[in-house]
file entry07.cif (mmCIF, C-alpha atoms and all ligand atoms)
data_coords
loop_
_atom_site.label_atom_id
_atom_site.label_comp_id
_atom_site.auth_asym_id
_atom_site.auth_seq_id
_atom_site.Cartn_x
_atom_site.Cartn_y
_atom_site.Cartn_z
CA MET N 8 85.18 -22.47 111.63
CA SER N 9 85.84 -23.27 108.02
CA PRO N 10 86.69 -20.52 105.56
CA VAL N 11 83.89 -18.95 103.56
CA ALA N 12 84.09 -19.14 99.76
CA SER N 13 85.84 -16.21 98.08
CA ASP N 14 82.64 -15.06 96.37
CA GLN N 15 81.24 -14.46 99.83
CA TYR N 16 82.51 -10.85 99.57
CA GLN N 17 80.65 -10.23 96.32
CA GLU N 18 78.39 -7.42 97.44
CA SER N 19 81.20 -5.67 99.35
CA LYS N 20 83.30 -5.85 96.18
CA ARG N 21 80.48 -4.50 94.04
CA LEU N 22 79.80 -1.62 96.42
CA HIS N 23 83.52 -0.88 96.82
CA ASP N 24 83.94 -0.71 93.02
CA ALA N 25 80.86 1.46 92.66
CA SER N 26 81.83 3.81 95.45
CA SER N 27 85.42 4.12 94.19
CA ARG N 28 83.90 6.10 91.29
CA TYR N 29 82.70 8.83 93.67
CA LEU N 30 84.49 8.29 97.00
CA ALA N 31 88.28 8.60 96.75
CA GLY N 32 89.69 5.09 97.09
CA GLY N 33 86.21 3.85 98.00
CA VAL N 34 86.80 4.78 101.65
CA SER N 35 86.50 7.80 103.92
CA THR N 36 89.82 7.38 105.75
CA ALA N 37 93.15 6.02 104.51
CA PHE N 38 93.43 3.20 107.07
CA ARG N 39 90.31 1.42 105.82
CA MET N 40 91.87 0.95 102.38
CA PHE N 41 94.11 -1.83 103.65
CA GLU N 42 91.45 -4.42 104.49
CA ARG N 43 91.82 -7.49 102.25
CA PRO N 44 90.47 -8.93 100.07
CA VAL N 45 88.33 -5.77 99.98
CA PRO N 46 87.37 -3.01 102.44
CA LEU N 47 84.21 -4.63 103.76
CA VAL N 48 80.90 -2.81 103.64
CA CYS N 49 78.96 -3.14 106.89
CA GLU N 50 75.27 -3.93 107.03
CA SER N 51 75.02 -3.72 110.81
CA ALA N 52 77.10 -4.15 113.95
CA GLU N 53 75.89 -4.97 117.42
CA GLY N 54 77.78 -5.90 120.57
CA SER N 55 80.87 -7.87 119.54
CA SER N 56 79.39 -8.84 116.21
CA TRP N 57 79.74 -7.22 112.77
CA THR N 58 77.77 -8.26 109.69
CA ASP N 59 78.72 -7.32 106.15
CA VAL N 60 76.43 -6.67 103.19
CA ASP N 61 76.94 -10.27 101.98
CA GLY N 62 75.48 -11.54 105.23
CA ASN N 63 78.83 -12.77 106.63
CA ARG N 64 78.92 -12.37 110.38
CA TYR N 65 82.19 -11.72 112.20
CA ILE N 66 83.41 -11.49 115.76
CA ASP N 67 84.83 -8.00 115.58
CA PHE N 68 88.17 -7.06 117.15
CA VAL N 69 88.55 -3.90 115.03
CA CYS N 70 86.02 -2.13 117.25
CA GLY N 71 85.81 0.93 115.02
CA TYR N 72 89.64 1.22 115.27
CA GLY N 73 89.46 1.69 119.02
CA PRO N 74 86.47 3.81 120.03
CA VAL N 75 84.01 0.99 120.59
CA ILE N 76 84.48 -0.19 124.18
CA LEU N 77 80.97 -1.14 125.31
CA GLY N 78 80.18 -3.01 122.10
CA HIS N 79 78.68 -1.75 118.85
CA SER N 80 75.51 0.34 119.06
CA ASP N 81 75.28 0.00 122.82
CA PRO N 82 71.56 0.59 123.57
CA GLU N 83 72.11 2.90 126.55
CA VAL N 84 74.63 5.06 124.71
CA CYS N 85 72.46 5.22 121.60
CA GLU N 86 69.41 6.08 123.68
CA ALA N 87 71.27 8.94 125.40
CA ALA N 88 72.49 10.19 122.02
CA GLY N 89 68.96 9.94 120.58
CA ARG N 90 67.51 11.96 123.46
CA ALA N 91 70.15 14.65 122.92
CA ALA N 92 69.50 14.63 119.16
CA ALA N 93 65.87 15.46 119.85
CA SER N 94 66.63 18.34 122.21
CA VAL N 95 70.16 19.82 122.08
CA GLN N 96 71.51 18.51 118.79
CA GLN N 97 73.49 21.56 117.55
CA VAL N 98 72.36 24.50 119.60
CA GLY N 99 75.30 26.79 119.02
CA GLY N 100 75.34 27.44 122.74
CA GLN N 101 76.25 25.65 125.92
CA HIS N 102 74.03 22.92 127.36
CA ARG N 103 73.85 21.28 130.78
CA GLU N 104 75.56 17.99 129.95
CA GLU N 105 78.81 19.70 128.96
CA LEU N 106 79.35 20.68 132.58
CA GLU N 107 78.58 17.16 133.75
CA LEU N 108 80.99 15.64 131.22
CA ALA N 109 83.77 18.12 132.03
CA GLU N 110 83.40 17.33 135.76
CA LEU N 111 83.50 13.59 135.10
CA LEU N 112 86.59 13.92 132.91
CA CYS N 113 88.38 15.93 135.62
CA GLN N 114 87.36 13.36 138.21
CA HIS N 115 88.84 10.42 136.28
CA VAL N 116 91.89 11.65 134.36
CA PRO N 117 94.58 12.53 136.93
CA CYS N 118 96.08 15.43 134.97
CA PHE N 119 92.74 17.09 134.14
CA GLU N 120 91.85 20.21 136.12
CA MET N 121 90.15 21.91 133.18
CA VAL N 122 89.19 20.65 129.72
CA ARG N 123 87.93 21.64 126.28
CA ILE N 124 85.76 19.20 124.34
CA SER N 125 86.16 18.62 120.60
CA LEU N 126 85.49 15.91 118.04
CA SER N 127 88.62 14.07 116.94
CA GLY N 128 91.98 13.04 118.35
CA SER N 129 93.94 14.87 115.65
CA GLU N 130 92.42 18.25 116.40
CA ALA N 131 92.77 17.84 120.16
CA VAL N 132 96.49 17.03 119.63
CA HIS N 133 96.74 20.11 117.42
CA GLY N 134 95.23 22.16 120.28
CA ALA N 135 97.64 20.68 122.82
CA ILE N 136 100.69 21.53 120.72
CA ARG N 137 99.44 25.05 120.04
CA LEU N 138 98.77 25.53 123.75
CA ALA N 139 102.23 24.28 124.74
CA ARG N 140 103.87 26.64 122.26
CA GLY N 141 101.59 29.47 123.36
CA VAL N 142 102.32 29.21 127.06
CA THR N 143 106.05 28.58 126.75
CA GLY N 144 106.79 30.97 123.89
CA ARG N 145 109.05 28.24 122.46
CA SER N 146 108.70 26.36 119.21
CA LEU N 147 110.44 22.96 119.39
CA VAL N 148 108.25 19.91 119.86
CA VAL N 149 109.74 16.50 120.62
CA LYS N 150 107.94 13.37 119.50
CA PHE N 151 108.96 9.73 119.36
CA ALA N 152 109.59 7.47 116.39
CA GLY N 153 106.56 5.34 115.66
CA HIS N 154 104.15 7.32 117.86
CA TYR N 155 101.08 8.48 115.94
CA HIS N 156 99.37 11.72 116.89
CA GLY N 157 96.90 12.13 114.05
CA TRP N 158 97.16 13.15 110.44
CA LEU N 159 97.42 16.95 110.71
CA ASP N 160 100.53 18.62 109.31
CA GLY N 161 102.17 19.66 112.59
CA ALA N 162 102.57 16.20 114.15
CA PHE N 163 102.52 13.85 111.17
CA THR N 164 106.12 12.71 111.07
CA GLY N 165 108.34 9.93 112.39
CA ILE N 166 105.67 7.28 111.92
CA ALA N 167 106.23 5.17 108.82
CA HIS N 168 109.69 6.58 108.25
CA PRO N 169 112.38 6.08 110.85
CA PRO N 170 113.93 9.31 112.21
CA PRO N 171 114.94 11.94 111.30
CA GLY N 172 111.35 13.09 110.71
CA LEU N 173 110.20 13.45 107.13
CA PRO N 174 106.76 14.53 105.99
CA GLU N 175 104.53 11.47 105.90
CA SER N 176 102.39 12.77 103.06
CA ALA N 177 102.77 14.59 99.79
CA GLY N 178 101.48 18.12 100.24
CA GLN N 179 102.64 18.34 103.83
CA PRO N 180 104.96 21.34 104.05
CA HIS N 181 108.41 20.71 105.47
CA GLU N 182 108.00 23.91 107.50
CA ALA N 183 105.08 22.37 109.39
CA ILE N 184 107.41 19.83 110.96
CA ALA N 185 110.60 21.87 110.90
CA GLY N 186 110.10 22.47 114.64
CA VAL N 187 109.46 18.81 115.41
CA VAL N 188 112.33 16.63 116.61
CA VAL N 189 111.88 12.86 116.41
CA VAL N 190 113.64 10.80 119.09
CA ASN N 191 113.80 7.05 119.67
CA TRP N 192 111.38 5.82 122.32
CA ASN N 193 112.65 4.13 125.47
CA GLU N 194 116.23 5.35 124.93
CA PRO N 195 117.11 7.47 127.99
CA GLU N 196 120.40 8.76 126.57
CA ALA N 197 118.74 10.14 123.41
CA ILE N 198 116.24 12.29 125.27
CA LYS N 199 118.78 13.33 127.94
CA ASP N 200 121.16 14.40 125.22
CA LEU N 201 118.49 16.41 123.42
CA PHE N 202 117.51 18.25 126.60
CA ALA N 203 121.16 18.95 127.38
CA ARG N 204 121.58 20.55 123.95
CA ALA N 205 118.23 22.28 123.45
CA GLY N 206 116.19 22.09 126.68
CA ASP N 207 115.52 25.83 126.81
CA ARG N 208 114.03 25.77 123.29
CA ILE N 209 111.67 22.83 123.83
CA ALA N 210 108.00 23.78 124.13
CA ALA N 211 106.69 20.25 124.55
CA VAL N 212 107.35 16.57 124.56
CA ILE N 213 104.39 14.62 123.18
CA MET N 214 104.13 10.87 123.47
CA GLU N 215 101.79 7.93 123.56
CA PRO N 216 102.72 6.92 127.15
CA LEU N 217 101.85 3.36 126.18
CA PRO N 218 102.45 3.39 122.43
CA CYS N 219 99.79 1.33 120.66
CA ASN N 220 99.95 2.36 117.04
CA GLN N 221 103.19 0.80 115.81
CA GLY N 222 103.15 -2.09 118.19
CA VAL N 223 102.19 -1.93 121.84
CA LEU N 224 105.53 -1.01 123.41
CA PHE N 225 105.65 -0.76 127.19
CA PRO N 226 107.82 2.03 128.62
CA GLU N 227 110.99 0.72 130.27
CA GLY N 228 111.11 1.15 134.04
CA GLY N 229 111.95 4.76 134.94
CA TYR N 230 111.63 6.08 131.38
CA LEU N 231 108.40 8.04 131.83
CA GLU N 232 109.72 9.41 135.12
CA LEU N 233 112.88 10.55 133.37
CA VAL N 234 110.93 12.40 130.67
CA ARG N 235 108.72 13.95 133.37
CA GLU N 236 111.79 15.15 135.24
CA LEU N 237 113.53 16.53 132.13
CA THR N 238 110.45 18.44 130.94
CA GLU N 239 109.75 19.83 134.39
CA SER N 240 113.24 21.10 135.00
CA ALA N 241 113.48 22.63 131.49
CA GLY N 242 110.07 24.33 131.76
CA ALA N 243 108.73 22.27 128.84
CA ILE N 244 105.19 20.88 128.69
CA LEU N 245 104.69 17.13 128.84
CA ILE N 246 101.74 16.02 126.69
CA PHE N 247 100.31 12.50 126.93
CA ASP N 248 98.37 11.45 123.87
CA GLU N 249 95.91 8.99 125.40
CA VAL N 250 93.64 8.85 122.39
CA ILE N 251 93.81 5.04 122.50
CA THR N 252 94.72 4.33 126.13
CA GLY N 253 92.32 6.83 127.73
CA PHE N 254 89.41 4.99 129.42
CA ARG N 255 90.43 1.82 127.57
CA ILE N 256 93.18 0.47 129.81
CA GLY N 257 91.57 1.99 132.92
CA LEU N 258 89.48 5.07 133.71
CA GLY N 259 92.62 7.09 134.42
CA GLY N 260 94.46 5.76 131.35
CA ALA N 261 98.19 5.17 131.12
CA GLN N 262 99.04 8.05 133.46
CA GLU N 263 97.14 6.38 136.27
CA ARG N 264 98.62 2.98 135.47
CA PHE N 265 102.22 4.21 135.38
CA GLY N 266 101.82 6.92 138.05
CA VAL N 267 103.38 9.66 135.91
CA ILE N 268 101.22 12.74 135.49
CA PRO N 269 101.74 14.97 132.44
CA ASP N 270 100.84 18.67 132.12
CA LEU N 271 98.37 18.15 129.28
CA THR N 272 96.48 15.12 128.01
CA VAL N 273 94.44 14.33 124.95
CA VAL N 274 91.69 11.68 125.10
CA ALA N 275 89.25 10.53 122.40
CA LYS N 276 88.22 7.11 121.00
CA ALA N 277 86.83 5.08 123.96
CA MET N 278 85.48 8.30 125.47
CA GLY N 279 82.35 8.13 123.28
CA ASN N 280 81.93 4.45 122.34
CA GLY N 281 82.14 5.43 118.67
CA PHE N 282 80.47 8.84 118.70
CA PRO N 283 82.90 11.57 117.61
CA VAL N 284 84.27 13.21 120.74
CA SER N 285 87.66 14.16 122.16
CA ALA N 286 89.03 16.33 124.92
CA LEU N 287 92.16 18.31 125.62
CA GLY N 288 92.82 19.12 129.23
CA GLY N 289 95.39 19.59 131.91
CA ARG N 290 96.67 21.89 134.58
CA ALA N 291 94.30 24.83 135.12
CA GLU N 292 97.19 27.28 135.00
CA LEU N 293 97.93 26.16 131.41
CA MET N 294 94.31 25.82 130.30
CA GLU N 295 93.82 29.41 131.46
CA ALA N 296 95.47 30.50 128.20
CA ILE N 297 92.56 28.88 126.34
CA ALA N 298 90.04 30.23 128.87
CA THR N 299 91.23 33.78 128.13
CA ASN N 300 91.41 33.07 124.37
CA THR N 301 95.10 33.95 124.35
CA VAL N 302 95.52 30.56 122.72
CA VAL N 303 92.59 30.03 120.37
CA HIS N 304 90.74 26.73 120.51
CA ALA N 305 87.62 26.52 118.38
CA GLY N 306 85.26 24.28 116.43
CA THR N 307 81.65 24.64 115.30
CA TYR N 308 80.67 21.17 116.50
CA ASN N 309 82.66 21.11 119.75
CA GLY N 310 80.61 20.00 122.74
CA GLY N 311 77.66 19.06 120.52
CA GLY N 312 74.72 17.50 122.34
CA VAL N 313 74.88 14.06 120.74
CA SER N 314 78.60 13.47 121.26
CA VAL N 315 78.51 14.77 124.81
CA ALA N 316 75.50 12.66 125.77
CA ALA N 317 77.13 9.56 124.25
CA SER N 318 80.34 10.26 126.10
CA LEU N 319 78.57 10.79 129.41
CA ALA N 320 76.66 7.53 129.03
CA THR N 321 79.86 5.68 128.11
CA LEU N 322 81.97 7.05 130.94
CA LYS N 323 79.22 6.55 133.53
CA ARG N 324 78.89 2.91 132.51
CA LEU N 325 82.64 2.39 132.67
CA SER N 326 82.87 4.04 136.08
CA GLU N 327 79.86 2.26 137.58
CA ASP N 328 80.66 -1.23 136.29
CA VAL N 329 83.08 -2.53 138.91
CA GLY N 330 85.74 -4.82 137.44
CA VAL N 331 84.96 -3.84 133.86
CA HIS N 332 88.60 -3.32 132.87
CA GLU N 333 89.77 -6.43 134.71
CA ARG N 334 87.33 -8.49 132.64
CA MET N 335 88.76 -7.09 129.39
CA VAL N 336 92.29 -7.66 130.71
CA GLY N 337 91.36 -11.30 131.40
CA LEU N 338 89.84 -11.90 127.96
CA GLY N 339 92.70 -10.10 126.20
CA GLY N 340 95.23 -12.13 128.18
CA ARG N 341 93.54 -15.38 127.15
CA LEU N 342 93.54 -14.29 123.52
CA MET N 343 97.20 -13.28 123.58
CA ALA N 344 98.33 -16.54 125.18
CA GLY N 345 96.02 -18.59 122.95
CA LEU N 346 97.28 -16.97 119.75
CA GLU N 347 100.91 -17.56 120.71
CA GLN N 348 100.16 -21.19 121.56
CA ALA N 349 98.15 -21.79 118.38
CA ALA N 350 101.04 -20.44 116.29
CA ALA N 351 103.57 -22.56 118.17
CA ASN N 352 101.40 -25.64 117.52
CA HIS N 353 101.90 -24.99 113.81
CA GLY N 354 105.63 -24.27 114.05
CA LEU N 355 105.16 -20.49 113.75
CA SER N 356 106.39 -17.76 116.04
CA LEU N 357 103.70 -15.24 116.87
CA VAL N 358 104.34 -12.87 119.76
CA THR N 359 101.93 -10.51 121.50
CA ALA N 360 102.13 -7.55 123.86
CA GLY N 361 99.62 -5.29 125.52
CA PRO N 362 97.53 -4.68 128.61
CA GLY N 363 94.60 -6.74 127.23
CA PRO N 364 91.80 -4.31 126.28
CA VAL N 365 94.20 -3.41 123.47
CA PHE N 366 97.11 -5.56 122.36
CA PHE N 367 99.36 -6.21 119.38
CA ALA N 368 100.35 -9.43 117.64
CA TRP N 369 103.29 -9.94 115.29
CA PHE N 370 105.00 -12.75 113.43
CA SER N 371 108.45 -12.40 114.92
CA GLN N 372 111.09 -14.78 116.28
CA GLU N 373 111.82 -12.41 119.18
CA PRO N 374 109.65 -10.36 121.55
CA VAL N 375 108.87 -6.95 120.02
CA ARG N 376 110.09 -4.17 122.32
CA SER N 377 111.02 -1.30 120.00
CA PHE N 378 109.79 0.48 116.89
CA GLU N 379 112.67 -1.16 115.04
CA ASP N 380 111.59 -4.64 116.22
CA HIS N 381 108.10 -3.75 115.06
CA LEU N 382 109.35 -2.76 111.60
CA ASN N 383 111.34 -6.00 111.40
CA ALA N 384 108.34 -8.24 112.12
CA ASP N 385 106.73 -10.04 109.18
CA GLY N 386 103.91 -7.64 108.31
CA ALA N 387 103.08 -9.35 105.01
CA MET N 388 102.52 -12.66 106.79
CA TYR N 389 100.33 -10.92 109.37
CA ALA N 390 98.21 -9.37 106.60
CA ARG N 391 97.69 -12.87 105.17
CA PHE N 392 96.72 -14.08 108.65
CA ALA N 393 94.17 -11.24 108.96
CA GLU N 394 92.63 -12.20 105.63
CA ALA N 395 92.51 -15.86 106.65
CA MET N 396 90.83 -14.87 109.94
CA LEU N 397 88.25 -12.82 108.06
CA ALA N 398 87.42 -15.84 105.92
CA ARG N 399 86.82 -17.72 109.19
CA GLY N 400 84.50 -15.13 110.71
CA VAL N 401 86.93 -13.06 112.78
CA ARG N 402 87.63 -9.45 111.84
CA ILE N 403 90.99 -8.06 112.96
CA ILE N 404 93.11 -5.07 111.94
CA PRO N 405 95.64 -6.18 109.26
CA ALA N 406 98.39 -4.09 110.92
CA GLY N 407 98.34 -6.22 114.10
CA ARG N 408 96.38 -4.33 116.76
CA TRP N 409 93.43 -5.96 118.55
CA TYR N 410 90.73 -4.21 120.58
CA LEU N 411 88.26 -5.72 123.02
CA THR N 412 84.97 -4.45 124.38
CA THR N 413 82.85 -5.24 127.41
CA ALA N 414 80.52 -7.02 124.96
CA HIS N 415 83.10 -9.71 124.11
CA ASP N 416 82.80 -12.89 126.12
CA GLU N 417 84.60 -16.19 126.67
CA ASP N 418 82.73 -17.75 123.77
CA ASP N 419 84.02 -15.04 121.40
CA VAL N 420 87.55 -15.76 122.59
CA ASP N 421 87.09 -19.54 122.13
CA ARG N 422 85.76 -19.04 118.61
CA ALA N 423 88.51 -16.59 117.69
CA LEU N 424 91.17 -19.03 118.87
CA GLU N 425 89.56 -21.87 116.97
CA ALA N 426 89.61 -19.70 113.83
CA ALA N 427 93.23 -18.75 114.50
CA ASP N 428 94.23 -22.39 114.80
CA ASP N 429 92.69 -23.14 111.42
CA ALA N 430 94.05 -19.96 109.79
CA LEU N 431 97.57 -20.61 111.10
CA ALA N 432 97.49 -24.20 109.84
CA GLY N 433 97.07 -22.74 106.35
CA LEU N 434 100.00 -20.36 106.81
CA SER N 435 102.56 -22.75 108.21
C1 LIG W 1 97.44 7.95 119.72
C2 LIG W 1 96.59 8.64 118.68
N1 LIG W 1 96.58 9.98 118.65
C3 LIG W 1 95.81 10.66 117.76
C4 LIG W 1 95.02 9.99 116.86
C5 LIG W 1 94.16 10.75 115.89
O1 LIG W 1 92.82 10.63 116.27
P1 LIG W 1 91.67 10.83 115.18
O2 LIG W 1 91.78 9.72 114.22
O3 LIG W 1 90.40 10.80 116.01
O4 LIG W 1 91.87 12.16 114.56
C6 LIG W 1 95.00 8.58 116.87
C7 LIG W 1 94.18 7.83 115.92
O5 LIG W 1 94.26 6.64 115.75
C8 LIG W 1 95.81 7.90 117.80
O6 LIG W 1 95.86 6.55 117.84
#

call {"tool": "encode", "arguments": {"input": "entry07.cif", "output": "structure tokens"}}
result
Amino acid sequence: MSPVASDQYQESKRLHDASSRYLAGGVSTAFRMFERPVPLVCESAEGSSWTDVDGNRYIDFVCGYGPVILGHSDPEVCEAAGRAAASVQQVGGQHREELELAELLCQHVPCFEMVRISLSGSEAVHGAIRLARGVTGRSLVVKFAGHYHGWLDGAFTGIAHPPPGLPESAGQPHEAIAGVVVVNWNEPEAIKDLFARAGDRIAAVIMEPLPCNQGVLFPEGGYLELVRELTESAGAILIFDEVITGFRIGLGGAQERFGVIPDLTVVAKAMGNGFPVSALGGRAELMEAIATNTVVHAGTYNGGGVSVAASLATLKRLSEDVGVHERMVGLGGRLMAGLEQAAANHGLSLVTAGPGPVFFAWFSQEPVRSFEDHLNADGAMYARFAEAMLARGVRIIPAGRWYLTTAHDEDDVDRALEAADDALAGLS
């Protein structure tokens, strides 16, 4: 795959300039601003393929930043959503499929006994934290450096900045995160020490049980068990944020994979193959506080017909397609090994980590095992790599994360590796 000429992004550039006049930054969410040479404007996306307004076609590993798991515009999911749009689009009342979806969620996610359905990961996290504080009557929330739990004030800290937690954004009140303690991930002594000092004041520990945002960082053996034990004996709530890992690394997410069951879980992204849907759920005894409205959980669009139908269609497909996750694990594994080898062939050190359906790649001399390692990797070089891949017809996230779908095949992997070989030759 040879690179396309730089004027091949002409129409995207024109539209980005024009929309920057009316749309702040020319985008609708901060993360899309970082695509280079320009945030691309999509004409259409189908399966594993993504076509921009200049007619350039890419193999897409951005996958909507994680939600797309069956491929773009999956016909079955879109058909289910279309049917719901024509009948129960926004009825301001319950509808049958909500029950079916809630049952399916409780069947697949080990910690779910009762759920509430909403639209985005951030708001479901917000609900989980409010619920934990509501049922414990405590205020401290522990999160981990580098773990991302959405952009809302109460959990938006300890992401870009190393601990101690600072607001991540101007306008975010210090008070919103005054009750949030940021601890280093995978360091048993740090969390033990915190519980020894303040265990009776901790409402919740929230974590990405397999962090994927700032590198994919596997938990060290025994670490999740330790946090489970500490929270349980202190009467604190353990919240798993499985917004990325839920349904993506397996139907039961990271909790099933690692065999550690939290009290509450948040799922989103892959749950709806790109339609906006999320869920907060957990032990019935805790969810009872929401059921009685002691802890308020609300949202005009929650449980809307289209999102629920799309989610049901997605989860049914994932649960009926035997071996679906193993296939993504296989393709992801080939990609990870192939990228490392291609870099080595050009005298570069690229390392990867992840379960396969999602993984991370970095330019680093050493394996990346911690948030600090992640921060020390060569991000600028990776951004150049992403741009070089784009020019060769492969769209990846400039920060380093890759997503796969069931629509990707061996040919996509071959072509991506061929593009990587060529892109890396230009970087070495
Ligand atoms: C682990 C995690 N939690 C929460 C969120 C926030 O979800 P949303 O962007 O749907 O609000 C994200 C988004 O990327 C995420 O990765």

call {"tool": "residues_around", "arguments": {"input": "entry07.cif", "residues": "region 47-62 of chain N", "least_positions_apart": "2", "cutoff": "9 Å", "atoms": "all atoms listed in the file", "output": "number ranges by chain"}}
result
N: 15-20, 22-23, 39, 42-45, 64-68, 70, 77-81, 402, 411-416, 419

call {"tool": "residues_near_ligand", "arguments": {"input": "entry07.cif", "ligand": "ligand LIG 1 (chain W)", "cutoff": "8 Å", "atoms": "all atoms listed in the file", "output": "ChimeraX atom specification"}}
result
/N:72-73,126-130,132,154-158,215,218-220,248-252,273,275-276,283,285

call {"tool": "atom_distance", "arguments": {"input": "entry07.cif", "atom1": "CA of Pro46 (chain N)", "atom2": "CA of Arg21 (chain N)"}}
result
11.0 Å

call {"tool": "residues_around", "arguments": {"input": "entry07.cif", "residues": "region 186-189 of chain N", "least_positions_apart": "5", "cutoff": "8 Å", "atoms": "all atoms listed in the file", "output": "list in words"}}
result
Ser146, Leu147, Val148, Val149, Lys150, Phe151, Ala152, Gly161, Ala162, Thr164, Gly165, Pro170, Pro171 and Gly172 of chain N

call {"tool": "closest_residue", "arguments": {"input": "entry07.cif", "among": "N:Val190, N:Ala88, N:Ala296, N:Val331", "to": "Ile76 (chain N)", "atoms": "all atoms listed in the file"}}
result
N:Val331

call {"tool": "closest_residue", "arguments": {"input": "entry07.cif", "among": "N:Gly330, N:Gly134, N:Gly33, N:Gly71", "to": "Gly306 (chain N)", "atoms": "only C-alpha atoms"}}
result
N:Gly134

call {"tool": "closest_residue", "arguments": {"input": "entry07.cif", "among": "N:Arg408, N:His353, N:Arg399, N:His332", "to": "Phe366 (chain N)", "atoms": "all atoms listed in the file"}}
result
N:Arg408

call {"tool": "atom_distance", "arguments": {"input": "entry07.cif", "atom1": "CA of Leu319 (chain N)", "atom2": "CA of Gly289 (chain N)"}}
result
19.1 Å

call {"tool": "closest_residue", "arguments": {"input": "entry07.cif", "among": "N:Ala277, N:Ile244, N:Ala317, N:Leu201", "to": "Pro364 (chain N)", "atoms": "only C-alpha atoms"}}
result
N:Ala277

call {"tool": "residues_around", "arguments": {"input": "entry07.cif", "residues": "region 254-264 of chain N", "least_positions_apart": "2", "cutoff": "6 Å", "atoms": "all atoms listed in the file", "output": "list in words"}}
result
His115, Val116, Thr252, Gly266, Val267 and Ile268 of chain N

call {"tool": "residues_around", "arguments": {"input": "entry07.cif", "residues": "Lys199 (chain N)", "least_positions_apart": "5", "cutoff": "9 Å", "atoms": "only C-alpha atoms", "output": "PyMOL selection string"}}
result
chain N and resi 194+204+233-234+237

call {"tool": "closest_residue", "arguments": {"input": "entry07.cif", "among": "N:Asn352, N:Ala205, N:Asp160, N:Val274", "to": "Leu112 (chain N)", "atoms": "all atoms listed in the file"}}
result
N:Val274

call {"tool": "atom_distance", "arguments": {"input": "entry07.cif", "atom1": "CA of Ile184 (chain N)", "atom2": "CA of Phe163 (chain N)"}}
result
7.7 Å

call {"tool": "residues_around", "arguments": {"input": "entry07.cif", "residues": "region 143-145 of chain N", "least_positions_apart": "6", "cutoff": "12 Å", "atoms": "all atoms listed in the file", "output": "list in words"}}
result
Ile136, Arg137, Gly186, Val187, Ala205, Gly206, Asp207, Arg208, Ile209, Ala210, Ala211, Val212, Thr238, Ala241, Gly242, Ala243, Ile244, Leu245, Leu293, Ala296 and Val302 of chain N
